[in-house]
Structures are given as structure tokens and as C-alpha cells.
Amino acid sequence: MSLAGRHILLGVTGSIAAYKSAMLVRELVKAGAEVRVVMTPSACEFITPLTLATLSQSDVVLDMFPADRSKGTWHIHLALWADAMLIAPASANTIAKLAHGFADNALSSLALALRCPLVLAPAMDTDMFVHPATQDNVRILAGRGVTIVEPGAGELASGLSGPGRLPELPVLIGAVEKVLTTKRDLEGRSVLVTAGPTYEALDPVRFIGNRSSGKMGYALAAAAAERGAKVLLVSGPTVLATPAGVRRMDVESAQSMHDAVMEQAGTVDIAILAAAVADFAAEHVAETKIKKSDDNADGLTLRLRRTPDILRTLGQRSGKAGRVLVGFALETDREIENARRKLEEKGADFIVLNNPRIEGAAFGGDTNVATLLTRDGTVEELGLLDKKRLAHIILDRALALHTERVGG
């Protein structure tokens, strides 16, 4: 796409990859953007401000306190001018300052005043990038909704090889385009998402579980956050990273997920229950590991009890005015019939139906084959989609219903 007419701030910090910022400015300008550059003092050791001023056709911002005192609030005006800010390369030092709110140079002061999306492209030696302090700072910024462009891996200036290279220009420009084109239509709304499996203990070691990876729920949480929602993700055990801008609560059992959802559900506008919650749990959990013995030589009988039905309970409770409730149904036979029954019995506004036996919809995959069933009898077959695209469709339907109920 074109960046025609867009106002882009480019922050350049003290990384040897700063030499690539000249080419980055040129490509942004060629895409139609108006570019202003702000540099840290260390960046000037790697590339001259004159080079970037010439390519951007605008003065480079270097000083917190410009000689022209009429520009005393320059960082506020420039922050309001920008549609997006890209810091590339972003050094470990600058990432640390942004994570902890320091504003001791022109770039960090400007970043702290931003109202627009911020994109960071870390670039540094591998050992610096993988250091726990840097990784913690990256996570802090991602948790605030900052877009992090993962560094490339390969040979570095130090002679080492590993992650830390500044990504290629198309990747950087694509990240800016993405933050500028993502809809922000969920701003002001709160979304609760459940994801992953639940584990129901048999003893201190073993549990009853299922094959859910949590990818669908995490895709929903990430998409909602990108669109401006305040998102709470209630997650069963997974290996997935928390999406940027999402608050996450980790739970293990169906009961703990039920309790977490019920505690929060009264304040949310949209609740999407995508978790694969176990229907049964052991009636009695052994205090010690169950061992083979003569007493169970012929096998072991487990007595199971029903777990709380989170969707039904939430469907029966009054919530925030206009709340939309979305459930998921995983069926392997009589899919439409069973999903329709679930929709009617549990009080959901619509159900997302899938069958893991269908090609492209298996557990742990990045695609799904879904059908949406609504209370008015509509059956919408969506076909094979990647989970992020499906997440946006589900959010589109939920938002339309919420808007219809409350307006705006």
C-alpha cells in the first residue's frame, strides 16, 4: 500500500545498524510519507544528521532544548503531528529508557509524549538482545501495545551470529503500514477471552486434559487488542506468549477458569469463550502419586464429576448492558444439530462451530474451518481461514451486535 500523506517519525539510536536508516528514510519518502527524523547523541556516531536531513527534506531533531526558544514544546507538537513513530534501530539503552519512562534526550521525550502507534525494531549484538533485562523491557513495551518487530538472525558486526540484525526494509515499512491500517473500532470496549485447555488433576502428577493449543483464543485476544479493546485473556496451560496489549490471567482447572471468568464478566462488553474446558474432573484427587500395585493389577476405575459449565452460567447471569456472549462448539458428529442445541440451551448470542477432523482444522494448527450459528437461525459457513482472519470475523460479528444493542 501507499503511505501517501502519512506523517512518520523515525527514531534512530546508537546501533551500528543506524547506517541503514538512510535507506529507510528514502523508502518511506518514496512510499509517499512525510518523514521527520529524531536522533539520539549516540546515533550521530554512526550516521550524520546531514544525511538524514537531506533525504527527509526536513531538519533532524537532535536536542531537547533547541536554540530557538519558541520551539520549547517541540516534542508535544511533533508527537501530535505524527501518525506513527518507528524507532529503527532501537538500541538496548533506548528500549530500557522507554520501558521505564525515562525522558532524558530528544527521542525518549518525544516517545513519551506520543498519542500515535509506536513501532520498535531492536538491533544489537545477540548477547545484549537475549539478556534477561532487555527481554523484560521488550515484554513491558509489548504489554503496553507497542509493536515489536523481531530482529533478524545472522552474522553481526561483532563477528557473532544470532538474533539482533535490523530487519529488512520491507519488513519495517510493512510494520508501519500495519499499525496505520488496523481498525481501532473496539476502543472504549472491554473484551474477555478464554483460551487453551484445562487440566483436571488425578494426583499430584497426572491430569485429565485435551489437545487444545490455545491458538484460536490467543488470536482473538491479539486481534481485539490491535483494534483498541481493553482485553483480558483467561488462559489455561499453553506455551504461547501473551499478545501485545493484553492482560493475562493463568488458570489450570475448569473451576479456576470459571471463578476467574465470573469475577470479571460483569464489566465486559464482549465475552468470547474459546477455551476447551474439560467436561469432567476426578471426584477425588489422590494426595500422593497413584502407583501400580496388586490392588489395581486389573486396572483402575476413576469416578468423574461434572465441571462447572462456564458458558451456561454466564448466559444465565445478567451482565453489562448490551453484553455479547460468544461460545465455541467442537463437534465430531451431527455438528449443526449439536451446536444449535448448545446455542439454545446456554444463552449465547452466537456459536463458533468447528470439527477437528476436518482437514485444516486439527488441534495445534494455524488454520480453522468454522461455521457461525446465530440465534435468528443463520448458519454462516466460513471455510478454511487462518486463525487471525477468523478472529477478526468473529470480532466483526460481535461488535456489530454490541453496537446494535447500545449504539455507537
# chains A, B, ... in the order shown; residues from 1 in each chain; ligands from 1
>>> select_by_dssp(residues="range 219-381 of chain A", states="alpha helix (DSSP H)", output="CSV table (one decimal) with C-alpha atoms, in the first residue's frame")
chain,number,residue,atom,x,y,z
A,219,ALA,CA,-5.6,-14.9,18.1
A,220,LEU,CA,-8.9,-13.5,19.3
A,221,ALA,CA,-7.2,-11.7,22.2
A,222,ALA,CA,-4.4,-10.3,19.9
A,223,ALA,CA,-6.9,-9.1,17.3
A,224,ALA,CA,-9.1,-7.4,19.9
A,225,ALA,CA,-6.1,-5.6,21.4
A,226,GLU,CA,-5.0,-4.4,17.9
A,254,ALA,CA,-12.2,-25.7,34.9
A,255,GLN,CA,-13.2,-24.5,38.4
A,256,SER,CA,-10.4,-21.9,38.4
A,257,MET,CA,-11.3,-20.7,34.9
A,258,HIS,CA,-15.0,-20.5,36.0
A,259,ASP,CA,-14.1,-18.4,39.0
A,260,ALA,CA,-11.8,-16.0,37.1
A,261,VAL,CA,-14.5,-15.5,34.4
A,262,MET,CA,-17.3,-14.9,36.8
A,263,GLU,CA,-15.2,-12.4,38.8
A,264,GLN,CA,-14.6,-10.3,35.7
A,310,ILE,CA,-18.9,-21.6,32.2
A,311,LEU,CA,-20.9,-20.7,29.1
A,312,ARG,CA,-24.2,-21.7,30.6
A,313,THR,CA,-23.6,-19.9,33.9
A,314,LEU,CA,-22.5,-16.7,32.1
A,315,GLY,CA,-25.5,-17.0,29.7
A,316,GLN,CA,-27.9,-17.1,32.7
A,335,GLU,CA,-22.3,-30.8,14.1
A,336,ILE,CA,-25.0,-28.3,13.2
A,337,GLU,CA,-27.6,-30.1,15.3
A,338,ASN,CA,-25.4,-30.3,18.4
A,339,ALA,CA,-24.1,-26.7,18.0
A,340,ARG,CA,-27.7,-25.4,17.6
A,341,ARG,CA,-28.7,-27.2,20.8
A,342,LYS,CA,-25.7,-25.7,22.6
A,343,LEU,CA,-26.7,-22.2,21.4
A,344,GLU,CA,-30.2,-22.5,22.6
A,345,GLU,CA,-29.5,-24.1,25.9
A,346,LYS,CA,-26.7,-22.0,27.1
>>> closest_residue(among="A:Pro197, A:Pro117, A:Gly143, A:Gly299", to="Val231 in chain A", atoms="only C-alpha atoms")
A:Gly143
>>> closest_residue(among="A:Ala244, A:Leu353, A:Leu78, A:Leu186", to="His392 in chain A", atoms="only C-alpha atoms")
A:Leu186
>>> closest_atom_pairs(of="range 139-202 of chain A", to="range 26-48 of chain A", cutoff="9 Å", atoms="only C-alpha atoms", output="tab-separated table")
residue	atom	partner	partner_atom	distance
A:Leu169	CA	A:Glu27	CA	7.9
A:Pro170	CA	A:Glu27	CA	8.9
A:Ile173	CA	A:Leu28	CA	7.2
>>> residues_around(residues="Gly209 in chain A", least_positions_apart="2", cutoff="9 Å", atoms="only C-alpha atoms", output="ChimeraX atom specification")
/A:197-201,207,211-212,277-278
>>> closest_residue(among="A:Gly377, A:Pro89, A:Pro237, A:Pro308", to="Leu24 in chain A", atoms="only C-alpha atoms")
A:Pro89
>>> atom_distance(atom1="CA of Pro122 in chain A", atom2="CA of His7 in chain A")
21.8 Å
>>> residues_around(residues="Lys230 in chain A", least_positions_apart="5", cutoff="12 Å", atoms="only C-alpha atoms", output="number ranges by chain")
A: 143-145, 184-193, 221-225, 244-248, 267-271
>>> write_last_selection(atoms="C-alpha atoms", output="mmCIF file, in the first residue's frame")
data_model
loop_
_atom_site.group_PDB
_atom_site.id
_atom_site.type_symbol
_atom_site.label_atom_id
_atom_site.label_comp_id
_atom_site.auth_asym_id
_atom_site.auth_seq_id
_atom_site.Cartn_x
_atom_site.Cartn_y
_atom_site.Cartn_z
ATOM 1 C CA GLY A 143 2.364 -5.283 27.051
ATOM 2 C CA ARG A 144 1.616 -1.585 26.606
ATOM 3 C CA GLY A 145 0.664 -2.117 22.986
ATOM 4 C CA ARG A 184 -9.465 0.787 16.043
ATOM 5 C CA ASP A 185 -13.186 0.168 16.240
ATOM 6 C CA LEU A 186 -13.083 -1.569 19.631
ATOM 7 C CA GLU A 187 -11.656 1.406 21.521
ATOM 8 C CA GLY A 188 -13.625 2.033 24.682
ATOM 9 C CA ARG A 189 -14.871 -1.549 24.824
ATOM 10 C CA SER A 190 -13.732 -4.372 27.083
ATOM 11 C CA VAL A 191 -13.314 -7.919 25.791
ATOM 12 C CA LEU A 192 -12.843 -11.120 27.780
ATOM 13 C CA VAL A 193 -11.422 -14.183 26.027
ATOM 14 C CA ALA A 221 -7.152 -11.652 22.191
ATOM 15 C CA ALA A 222 -4.429 -10.284 19.907
ATOM 16 C CA ALA A 223 -6.921 -9.105 17.288
ATOM 17 C CA ALA A 224 -9.117 -7.391 19.889
ATOM 18 C CA ALA A 225 -6.123 -5.572 21.362
ATOM 19 C CA ALA A 244 0.799 -7.302 22.973
ATOM 20 C CA GLY A 245 -1.542 -5.073 24.937
ATOM 21 C CA VAL A 246 -3.365 -7.989 26.591
ATOM 22 C CA ARG A 247 -3.765 -8.628 30.318
ATOM 23 C CA ARG A 248 -3.475 -12.335 31.025
ATOM 24 C CA THR A 267 -17.757 -5.483 33.488
ATOM 25 C CA VAL A 268 -17.098 -6.716 29.929
ATOM 26 C CA ASP A 269 -18.833 -5.737 26.715
ATOM 27 C CA ILE A 270 -17.911 -8.869 24.769
ATOM 28 C CA ALA A 271 -17.121 -12.296 26.234
#
>>> residues_around(residues="range 91-104 of chain A", least_positions_apart="2", cutoff="9 Å", atoms="only C-alpha atoms", output="PyMOL selection string")
chain A and resi 12-15+40+64+88-89+106-112+120-124+128-129+133-134+136-141
>>> closest_residue(among="A:Leu10, A:Ala370, A:Val326, A:Leu202", to="Arg397 in chain A", atoms="only C-alpha atoms")
A:Val326
>>> residues_around(residues="Leu50 in chain A", least_positions_apart="4", cutoff="9 Å", atoms="only C-alpha atoms", output="list in words")
Thr54, Leu55, Asp59 and Val60 of chain A
>>> write_last_selection(atoms="N, CA and C atoms", output="mmCIF file, in the first residue's frame")
data_model
loop_
_atom_site.group_PDB
_atom_site.id
_atom_site.type_symbol
_atom_site.label_atom_id
_atom_site.label_comp_id
_atom_site.auth_asym_id
_atom_site.auth_seq_id
_atom_site.Cartn_x
_atom_site.Cartn_y
_atom_site.Cartn_z
ATOM 1 N N THR A 54 18.919 15.581 4.607
ATOM 2 C CA THR A 54 18.849 15.704 3.156
ATOM 3 C C THR A 54 17.823 14.748 2.576
ATOM 4 N N LEU A 55 17.830 13.506 3.036
ATOM 5 C CA LEU A 55 16.908 12.501 2.497
ATOM 6 C C LEU A 55 15.467 12.744 2.918
ATOM 7 N N ASP A 59 14.598 19.243 8.804
ATOM 8 C CA ASP A 59 15.606 19.283 9.852
ATOM 9 C C ASP A 59 15.496 18.055 10.755
ATOM 10 N N VAL A 60 16.639 17.538 11.160
ATOM 11 C CA VAL A 60 16.679 16.428 12.103
ATOM 12 C C VAL A 60 16.636 16.975 13.528
#
>>> atom_distance(atom1="CA of Arg389 in chain A", atom2="CA of Leu325 in chain A")
19.7 Å
>>> closest_residue(among="A:Ala276, A:Leu232, A:Leu304, A:Ile76", to="Phe328 in chain A", atoms="only C-alpha atoms")
A:Ala276
>>> closest_residue(among="A:Ala281, A:Ile272, A:Leu166, A:Leu118", to="Ile208 in chain A", atoms="only C-alpha atoms")
A:Ala281
>>> select_by_dssp(residues="range 274-376 of chain A", states="strand (DSSP E or B)", output="number ranges by chain")
A: 276, 280-282, 304-306, 324-330, 350-354, 367-374
>>> write_last_selection(atoms="N, CA and C atoms", output="PDB file, in the first residue's frame")
ATOM      1  N   ALA A 276     -11.084 -24.776  25.578  1.00  0.00           N
ATOM      2  CA  ALA A 276     -11.583 -26.154  25.542  1.00  0.00           C
ATOM      3  C   ALA A 276     -11.628 -26.662  26.985  1.00  0.00           C
ATOM      4  N   PHE A 280     -15.378 -33.059  32.550  1.00  0.00           N
ATOM      5  CA  PHE A 280     -15.353 -33.912  33.733  1.00  0.00           C
ATOM      6  C   PHE A 280     -14.016 -33.784  34.455  1.00  0.00           C
ATOM      7  N   ALA A 281     -14.072 -33.976  35.774  1.00  0.00           N
ATOM      8  CA  ALA A 281     -12.880 -33.978  36.611  1.00  0.00           C
ATOM      9  C   ALA A 281     -12.993 -35.118  37.604  1.00  0.00           C
ATOM     10  N   ALA A 282     -11.880 -35.518  38.159  1.00  0.00           N
ATOM     11  CA  ALA A 282     -11.898 -36.602  39.128  1.00  0.00           C
ATOM     12  C   ALA A 282     -12.693 -36.203  40.372  1.00  0.00           C
ATOM     13  N   LEU A 304     -15.767 -39.845  37.929  1.00  0.00           N
ATOM     14  CA  LEU A 304     -15.679 -38.459  37.480  1.00  0.00           C
ATOM     15  C   LEU A 304     -16.924 -37.679  37.858  1.00  0.00           C
ATOM     16  N   ARG A 305     -16.738 -36.392  38.030  1.00  0.00           N
ATOM     17  CA  ARG A 305     -17.849 -35.467  38.286  1.00  0.00           C
ATOM     18  C   ARG A 305     -17.882 -34.406  37.191  1.00  0.00           C
ATOM     19  N   ARG A 306     -19.028 -33.793  37.008  1.00  0.00           N
ATOM     20  CA  ARG A 306     -19.153 -32.718  36.030  1.00  0.00           C
ATOM     21  C   ARG A 306     -18.427 -31.478  36.532  1.00  0.00           C
ATOM     22  N   VAL A 324     -22.313  -9.013  24.768  1.00  0.00           N
ATOM     23  CA  VAL A 324     -22.405 -10.056  23.749  1.00  0.00           C
ATOM     24  C   VAL A 324     -21.629 -11.265  24.245  1.00  0.00           C
ATOM     25  N   LEU A 325     -22.247 -12.436  24.143  1.00  0.00           N
ATOM     26  CA  LEU A 325     -21.639 -13.675  24.611  1.00  0.00           C
ATOM     27  C   LEU A 325     -21.453 -14.626  23.432  1.00  0.00           C
ATOM     28  N   VAL A 326     -20.212 -15.028  23.214  1.00  0.00           N
ATOM     29  CA  VAL A 326     -19.862 -15.911  22.102  1.00  0.00           C
ATOM     30  C   VAL A 326     -19.306 -17.210  22.667  1.00  0.00           C
ATOM     31  N   GLY A 327     -19.858 -18.332  22.194  1.00  0.00           N
ATOM     32  CA  GLY A 327     -19.370 -19.628  22.615  1.00  0.00           C
ATOM     33  C   GLY A 327     -18.736 -20.385  21.461  1.00  0.00           C
ATOM     34  N   PHE A 328     -17.987 -21.415  21.783  1.00  0.00           N
ATOM     35  CA  PHE A 328     -17.400 -22.295  20.778  1.00  0.00           C
ATOM     36  C   PHE A 328     -17.957 -23.695  20.974  1.00  0.00           C
ATOM     37  N   ALA A 329     -18.149 -24.384  19.873  1.00  0.00           N
ATOM     38  CA  ALA A 329     -18.602 -25.774  19.917  1.00  0.00           C
ATOM     39  C   ALA A 329     -17.671 -26.617  19.073  1.00  0.00           C
ATOM     40  N   LEU A 330     -17.059 -27.614  19.680  1.00  0.00           N
ATOM     41  CA  LEU A 330     -16.228 -28.570  18.954  1.00  0.00           C
ATOM     42  C   LEU A 330     -17.027 -29.865  18.852  1.00  0.00           C
ATOM     43  N   PHE A 350     -24.070 -16.111  19.757  1.00  0.00           N
ATOM     44  CA  PHE A 350     -23.777 -16.976  18.614  1.00  0.00           C
ATOM     45  C   PHE A 350     -22.674 -17.967  18.987  1.00  0.00           C
ATOM     46  N   ILE A 351     -22.602 -19.017  18.191  1.00  0.00           N
ATOM     47  CA  ILE A 351     -21.680 -20.120  18.435  1.00  0.00           C
ATOM     48  C   ILE A 351     -20.733 -20.255  17.251  1.00  0.00           C
ATOM     49  N   VAL A 352     -19.470 -20.475  17.544  1.00  0.00           N
ATOM     50  CA  VAL A 352     -18.482 -20.779  16.519  1.00  0.00           C
ATOM     51  C   VAL A 352     -18.268 -22.287  16.537  1.00  0.00           C
ATOM     52  N   LEU A 353     -18.653 -22.945  15.467  1.00  0.00           N
ATOM     53  CA  LEU A 353     -18.592 -24.404  15.376  1.00  0.00           C
ATOM     54  C   LEU A 353     -17.370 -24.831  14.579  1.00  0.00           C
ATOM     55  N   ASN A 354     -16.642 -25.821  15.100  1.00  0.00           N
ATOM     56  CA  ASN A 354     -15.575 -26.423  14.305  1.00  0.00           C
ATOM     57  C   ASN A 354     -15.466 -27.910  14.611  1.00  0.00           C
ATOM     58  N   THR A 367      -4.742 -22.797  11.085  1.00  0.00           N
ATOM     59  CA  THR A 367      -5.967 -22.545  10.329  1.00  0.00           C
ATOM     60  C   THR A 367      -7.139 -23.237  11.005  1.00  0.00           C
ATOM     61  N   ASN A 368      -8.323 -22.850  10.571  1.00  0.00           N
ATOM     62  CA  ASN A 368      -9.534 -23.456  11.114  1.00  0.00           C
ATOM     63  C   ASN A 368     -10.611 -23.422  10.039  1.00  0.00           C
ATOM     64  N   VAL A 369     -11.578 -24.316  10.167  1.00  0.00           N
ATOM     65  CA  VAL A 369     -12.752 -24.341   9.296  1.00  0.00           C
ATOM     66  C   VAL A 369     -13.950 -24.146  10.213  1.00  0.00           C
ATOM     67  N   ALA A 370     -14.569 -22.996  10.167  1.00  0.00           N
ATOM     68  CA  ALA A 370     -15.590 -22.642  11.146  1.00  0.00           C
ATOM     69  C   ALA A 370     -16.931 -22.347  10.497  1.00  0.00           C
ATOM     70  N   THR A 371     -17.968 -22.541  11.301  1.00  0.00           N
ATOM     71  CA  THR A 371     -19.327 -22.169  10.931  1.00  0.00           C
ATOM     72  C   THR A 371     -19.909 -21.348  12.073  1.00  0.00           C
ATOM     73  N   LEU A 372     -20.528 -20.224  11.764  1.00  0.00           N
ATOM     74  CA  LEU A 372     -21.157 -19.382  12.785  1.00  0.00           C
ATOM     75  C   LEU A 372     -22.657 -19.637  12.788  1.00  0.00           C
ATOM     76  N   LEU A 373     -23.206 -19.887  13.961  1.00  0.00           N
ATOM     77  CA  LEU A 373     -24.639 -20.081  14.136  1.00  0.00           C
ATOM     78  C   LEU A 373     -25.164 -18.995  15.056  1.00  0.00           C
ATOM     79  N   THR A 374     -26.193 -18.283  14.628  1.00  0.00           N
ATOM     80  CA  THR A 374     -26.757 -17.186  15.411  1.00  0.00           C
ATOM     81  C   THR A 374     -28.162 -17.522  15.886  1.00  0.00           C
TER      82      THR A 374
END
>>> residues_around(residues="Asp127 in chain A", least_positions_apart="6", cutoff="12 Å", atoms="only C-alpha atoms", output="ChimeraX atom specification")
/A:92,133-135,156,158,160-164
>>> write_last_selection(atoms="C-alpha atoms", output="PDB file, in the first residue's frame")
ATOM      1  CA  ALA A  92      19.118  -1.787  24.292  1.00  0.00           C
ATOM      2  CA  ALA A 133      16.981  -7.249  31.207  1.00  0.00           C
ATOM      3  CA  THR A 134      16.452  -6.493  27.517  1.00  0.00           C
ATOM      4  CA  GLN A 135      13.889  -9.252  27.153  1.00  0.00           C
ATOM      5  CA  LEU A 156      26.555  -9.497  13.248  1.00  0.00           C
ATOM      6  CA  SER A 158      30.870  -8.346  16.261  1.00  0.00           C
ATOM      7  CA  LEU A 160      28.957 -13.436  16.266  1.00  0.00           C
ATOM      8  CA  SER A 161      25.906 -14.962  14.669  1.00  0.00           C
ATOM      9  CA  GLY A 162      22.413 -14.934  16.115  1.00  0.00           C
ATOM     10  CA  PRO A 163      19.347 -12.713  16.622  1.00  0.00           C
ATOM     11  CA  GLY A 164      19.961  -8.968  16.614  1.00  0.00           C
TER      12      GLY A 164
END
>>> atom_distance(atom1="CA of Trp74 in chain A", atom2="CA of Asn105 in chain A")
12.8 Å
